[in-house]
Structures are given as C-alpha cells and as structure tokens.
$ cat data_7.pdb   # PDB, C-alpha atoms, pLDDT in the B column
ATOM      1  CA  MET A  18     -15.369   9.531   4.536  1.00 67.00           C
ATOM      2  CA  LYS A  19     -16.357  11.813   7.421  1.00 82.00           C
ATOM      3  CA  LEU A  20     -14.815  10.610  10.685  1.00 89.00           C
ATOM      4  CA  LYS A  21     -15.167  12.051  14.171  1.00 93.00           C
ATOM      5  CA  ILE A  22     -11.606  11.163  15.185  1.00 95.00           C
ATOM      6  CA  LYS A  23      -8.771  12.991  13.470  1.00 95.00           C
ATOM      7  CA  LYS A  24      -4.983  13.100  13.505  1.00 97.00           C
ATOM      8  CA  LYS A  25      -3.449  14.595  16.723  1.00 97.00           C
ATOM      9  CA  ASP A  26      -6.587  13.814  18.818  1.00 97.00           C
ATOM     10  CA  GLN A  27      -6.121  12.304  22.290  1.00 97.00           C
ATOM     11  CA  VAL A  28      -7.913   8.934  22.425  1.00 98.00           C
ATOM     12  CA  VAL A  29      -8.530   6.179  25.001  1.00 98.00           C
ATOM     13  CA  VAL A  30      -8.455   2.478  24.067  1.00 98.00           C
ATOM     14  CA  ILE A  31     -11.737   0.901  25.230  1.00 98.00           C
ATOM     15  CA  SER A  32     -11.116  -2.786  24.443  1.00 97.00           C
ATOM     16  CA  GLY A  33      -8.338  -5.261  23.764  1.00 96.00           C
ATOM     17  CA  LYS A  34      -4.921  -5.832  25.317  1.00 96.00           C
ATOM     18  CA  ASP A  35      -4.214  -2.095  25.660  1.00 97.00           C
ATOM     19  CA  LYS A  36      -7.565  -1.229  27.290  1.00 98.00           C
ATOM     20  CA  GLY A  37      -7.385   1.983  29.338  1.00 97.00           C
ATOM     21  CA  ARG A  38      -4.244   3.356  27.692  1.00 98.00           C
ATOM     22  CA  THR A  39      -4.302   6.821  26.164  1.00 98.00           C
ATOM     23  CA  GLY A  40      -2.317   8.279  23.298  1.00 98.00           C
ATOM     24  CA  GLU A  41      -2.291  10.647  20.374  1.00 98.00           C
ATOM     25  CA  VAL A  42      -3.586   9.591  16.962  1.00 98.00           C
ATOM     26  CA  MET A  43      -0.628   9.589  14.575  1.00 98.00           C
ATOM     27  CA  GLU A  44      -2.445   8.350  11.462  1.00 97.00           C
ATOM     28  CA  VAL A  45      -5.979   7.484  10.326  1.00 97.00           C
ATOM     29  CA  ILE A  46      -6.200   4.716   7.713  1.00 96.00           C
ATOM     30  CA  ALA A  47      -9.540   4.849   5.895  1.00 93.00           C
ATOM     31  CA  GLY A  48     -11.220   1.518   5.267  1.00 91.00           C
ATOM     32  CA  ASP A  49     -13.793   0.411   2.729  1.00 90.00           C
ATOM     33  CA  ALA A  50     -16.736  -1.990   2.674  1.00 89.00           C
ATOM     34  CA  TRP A  51     -14.563  -5.002   3.602  1.00 93.00           C
ATOM     35  CA  THR A  52     -11.856  -3.543   5.807  1.00 92.00           C
ATOM     36  CA  PRO A  53     -12.483  -1.461   8.928  1.00 92.00           C
ATOM     37  CA  THR A  54     -11.102   2.027   9.386  1.00 95.00           C
ATOM     38  CA  ARG A  55      -7.963   1.828  11.525  1.00 97.00           C
ATOM     39  CA  VAL A  56      -5.886   4.280  13.531  1.00 98.00           C
ATOM     40  CA  VAL A  57      -2.262   4.332  14.656  1.00 98.00           C
ATOM     41  CA  VAL A  58      -1.987   5.598  18.249  1.00 98.00           C
ATOM     42  CA  SER A  59       1.305   6.543  19.890  1.00 98.00           C
ATOM     43  CA  LYS A  60       2.551   4.093  22.549  1.00 96.00           C
ATOM     44  CA  VAL A  61      -0.433   1.748  21.962  1.00 97.00           C
ATOM     45  CA  ASN A  62      -0.346  -1.698  20.279  1.00 97.00           C
ATOM     46  CA  VAL A  63       3.457  -1.713  20.099  1.00 97.00           C
ATOM     47  CA  VAL A  64       4.783  -4.692  18.130  1.00 97.00           C
ATOM     48  CA  THR A  65       8.306  -5.971  17.458  1.00 98.00           C
ATOM     49  CA  LYS A  66       9.279  -6.414  13.815  1.00 97.00           C
ATOM     50  CA  HIS A  67      12.346  -8.099  12.385  1.00 97.00           C
ATOM     51  CA  LYS A  68      13.926  -5.711   9.891  1.00 96.00           C
ATOM     52  CA  LYS A  69      16.475  -6.810   7.311  1.00 96.00           C
ATOM     53  CA  PRO A  70      19.636  -4.729   7.179  1.00 96.00           C
ATOM     54  CA  THR A  71      19.935  -2.357   4.224  1.00 96.00           C
ATOM     55  CA  GLN A  72      22.695  -0.059   2.987  1.00 96.00           C
ATOM     56  CA  THR A  73      21.354   2.787   5.143  1.00 95.00           C
ATOM     57  CA  ASP A  74      19.833   0.871   8.095  1.00 93.00           C
ATOM     58  CA  ALA A  75      21.454  -1.666  10.423  1.00 93.00           C
ATOM     59  CA  GLY A  76      18.281  -3.748  10.753  1.00 93.00           C
ATOM     60  CA  GLY A  77      17.452  -5.995  13.721  1.00 97.00           C
ATOM     61  CA  LEU A  78      14.487  -5.885  16.079  1.00 97.00           C
ATOM     62  CA  VAL A  79      12.421  -2.690  15.741  1.00 95.00           C
ATOM     63  CA  LYS A  80       9.497  -1.684  17.972  1.00 97.00           C
ATOM     64  CA  LEU A  81       6.701   0.247  16.265  1.00 96.00           C
ATOM     65  CA  GLU A  82       2.999   1.026  16.695  1.00 97.00           C
ATOM     66  CA  ALA A  83       0.612  -1.164  14.699  1.00 98.00           C
ATOM     67  CA  PRO A  84      -2.824   0.083  13.615  1.00 98.00           C
ATOM     68  CA  ILE A  85      -5.927  -0.815  15.648  1.00 97.00           C
ATOM     69  CA  ALA A  86      -9.585  -0.662  14.652  1.00 97.00           C
ATOM     70  CA  LEU A  87     -11.318   2.701  15.037  1.00 96.00           C
ATOM     71  CA  SER A  88     -14.125   1.003  16.976  1.00 95.00           C
ATOM     72  CA  LYS A  89     -11.650   0.149  19.780  1.00 97.00           C
ATOM     73  CA  VAL A  90     -10.853   3.799  20.568  1.00 98.00           C
ATOM     74  CA  MET A  91     -12.908   6.730  21.840  1.00 97.00           C
ATOM     75  CA  LEU A  92     -11.991  10.372  22.033  1.00 97.00           C
ATOM     76  CA  ALA A  93     -10.662  11.493  25.430  1.00 97.00           C
ATOM     77  CA  ASP A  94     -12.809  14.189  27.060  1.00 97.00           C
ATOM     78  CA  PRO A  95     -10.753  17.429  27.196  1.00 95.00           C
ATOM     79  CA  LYS A  96     -12.042  18.166  30.708  1.00 95.00           C
ATOM     80  CA  THR A  97     -11.759  14.761  32.448  1.00 95.00           C
ATOM     81  CA  GLY A  98      -9.648  12.589  30.131  1.00 95.00           C
ATOM     82  CA  LYS A  99     -12.276   9.829  30.176  1.00 97.00           C
ATOM     83  CA  PRO A 100     -13.695   8.308  26.963  1.00 98.00           C
ATOM     84  CA  THR A 101     -16.583  10.220  25.395  1.00 97.00           C
ATOM     85  CA  ARG A 102     -18.689  10.215  22.253  1.00 97.00           C
ATOM     86  CA  VAL A 103     -18.400  13.055  19.779  1.00 96.00           C
ATOM     87  CA  ARG A 104     -21.225  15.293  18.610  1.00 96.00           C
ATOM     88  CA  VAL A 105     -21.148  17.863  15.838  1.00 95.00           C
ATOM     89  CA  LYS A 106     -22.641  21.236  16.731  1.00 95.00           C
ATOM     90  CA  ILE A 107     -23.395  23.996  14.240  1.00 96.00           C
ATOM     91  CA  GLN A 108     -22.573  27.420  15.617  1.00 94.00           C
ATOM     92  CA  SER A 109     -24.509  30.611  14.891  1.00 96.00           C
ATOM     93  CA  ASP A 110     -22.079  31.595  12.114  1.00 96.00           C
ATOM     94  CA  GLY A 111     -22.632  28.207  10.395  1.00 95.00           C
ATOM     95  CA  GLU A 112     -19.307  26.675  11.426  1.00 95.00           C
ATOM     96  CA  ARG A 113     -19.336  23.004  12.433  1.00 94.00           C
ATOM     97  CA  VAL A 114     -17.429  22.138  15.620  1.00 95.00           C
ATOM     98  CA  ARG A 115     -16.843  18.827  17.383  1.00 96.00           C
ATOM     99  CA  VAL A 116     -18.186  18.669  20.939  1.00 97.00           C
ATOM    100  CA  ALA A 117     -17.542  16.095  23.695  1.00 97.00           C
ATOM    101  CA  ALA A 118     -20.902  14.527  24.583  1.00 96.00           C
ATOM    102  CA  LYS A 119     -20.135  14.122  28.317  1.00 95.00           C
ATOM    103  CA  SER A 120     -18.820  17.577  29.218  1.00 95.00           C
ATOM    104  CA  GLY A 121     -19.967  19.739  26.300  1.00 95.00           C
ATOM    105  CA  GLU A 122     -16.415  21.032  25.732  1.00 95.00           C
ATOM    106  CA  THR A 123     -15.428  21.876  22.175  1.00 95.00           C
ATOM    107  CA  ILE A 124     -12.646  19.773  20.700  1.00 93.00           C
ATOM    108  CA  ALA A 125      -9.837  21.663  18.979  1.00 81.00           C
TER
END
$ encode --input "data_7.pdb" --output "structure tokens"
Amino acid sequence: MKLKIKKKDQVVVISGKDKGRTGEVMEVIAGDAWTPTRVVVSKVNVVTKHKKPTQTDAGGLVKLEAPIALSKVMLADPKTGKPTRVRVKIQSDGERVRVAAKSGETIA
C-alpha cells in the first residue's frame, strides 16, 4: 500500500482528544478492507496498561503510546509546522518526491 505518511515524519493530530499535538511517527500499521491504517505517534494517545510481572520485568502500571487512525493525523509543514496535505512531484530526473501542499517545501 502506498502511503503519504512514513516512519519518522512529524505529524499533527487534527481530531480527537489529542487534537493539536505534534509528534514523530514511530510505526505505521497497514490496514485492509475492514480495518483502517493506523499510526503510532510519540507522546500522543498515551494509555496506561497493567502489565503482569515476569521473570525479567517487574510489571505494574506502564504508560505507552496506542495507535490512532491515519485519518486523524496530517503531515506537519516543514516551514510552518501547521498541518498540510502531501503531493507527489516528479522531478526532471524521474525521481518522485513528497511535497507539502501549503508551502511547496520538499519533505525529506
């Protein structure tokens, strides 16, 4: 599946309880026809889980980032930091690059 948001991109949450927060994409979880594509963003959608103790881990309450739907995040514009759509531009040498729609900046 070809997605416009990739791992290590800076994104802005556009809806939900964490609206307005920014973070880096840590993982992209591809969906299928019945489940939406989801992303794990650092310091966004933090949940508390009860972990059982094991031989190597003490267990207890653990805070970790839960995945959120891809439709709830937009790429952060490299120039302004505001949410923007992503376009794909083909350069003269035939290479495809991602471009922020608002500012026209290329996305690394």
$ residues_around --input "data_7.pdb" --residues "Val114 (chain A)" --least-positions-apart "5" --cutoff "10 Å" --atoms "only C-alpha atoms" --output "number ranges by chain"
A: 104-108, 123-125
$ residues_around --input "data_7.pdb" --residues "region 56-58 of chain A" --least-positions-apart "4" --cutoff "9 Å" --atoms "all atoms listed in the file" --output "ChimeraX atom specification"
/A:24,27-28,39-47,62,82-87,90
$ atom_distance --input "data_7.pdb" --atom1 "CA of Leu78 (chain A)" --atom2 "CA of Gly33 (chain A)"
24.1 Å
$ atom_distance --input "data_7.pdb" --atom1 "CA of Val103 (chain A)" --atom2 "CA of Asp35 (chain A)"
21.6 Å
$ resolve_selection --input "data_7.pdb" --expression "the PyMOL selection byres ((chain A and resi 77) around 9)" --output "number ranges by chain"
A: 66-70, 75-76, 78-79
$ atom_distance --input "data_7.pdb" --atom1 "CA of Lys23 (chain A)" --atom2 "CA of Lys89 (chain A)"
14.6 Å
$ closest_residue --input "data_7.pdb" --among "A:Pro100, A:Ser59, A:Asp74, A:Lys80" --to "Lys25 (chain A)" --atoms "all atoms listed in the file"
A:Ser59
$ resolve_selection --input "data_7.pdb" --expression "the PyMOL selection byres ((chain A and resi 119) around 9)" --output "PyMOL selection string"
chain A and resi 94+100-103+116-118+120-122
$ write_last_selection --input "data_7.pdb" --atoms "C-alpha atoms" --output "compact mmCIF listing (two decimals), keeping the file's coordinate frame"
# COMPACT_ATOMS: atom_id res chain seq x y z
CA ASP A 94 -12.81 14.19 27.06
CA PRO A 100 -13.70 8.31 26.96
CA THR A 101 -16.58 10.22 25.40
CA ARG A 102 -18.69 10.22 22.25
CA VAL A 103 -18.40 13.06 19.78
CA VAL A 116 -18.19 18.67 20.94
CA ALA A 117 -17.54 16.10 23.70
CA ALA A 118 -20.90 14.53 24.58
CA SER A 120 -18.82 17.58 29.22
CA GLY A 121 -19.97 19.74 26.30
CA GLU A 122 -16.42 21.03 25.73
$ axis_aligned_box --input "data_7.pdb" --around "region 31-46 of chain A" --padding-each-side "5 Å" --output "lines of an AutoDock Vina configuration file"
center_x = -6.2
center_y = 2.4
center_z = 18.5
size_x = 21.1
size_y = 26.5
size_z = 31.6
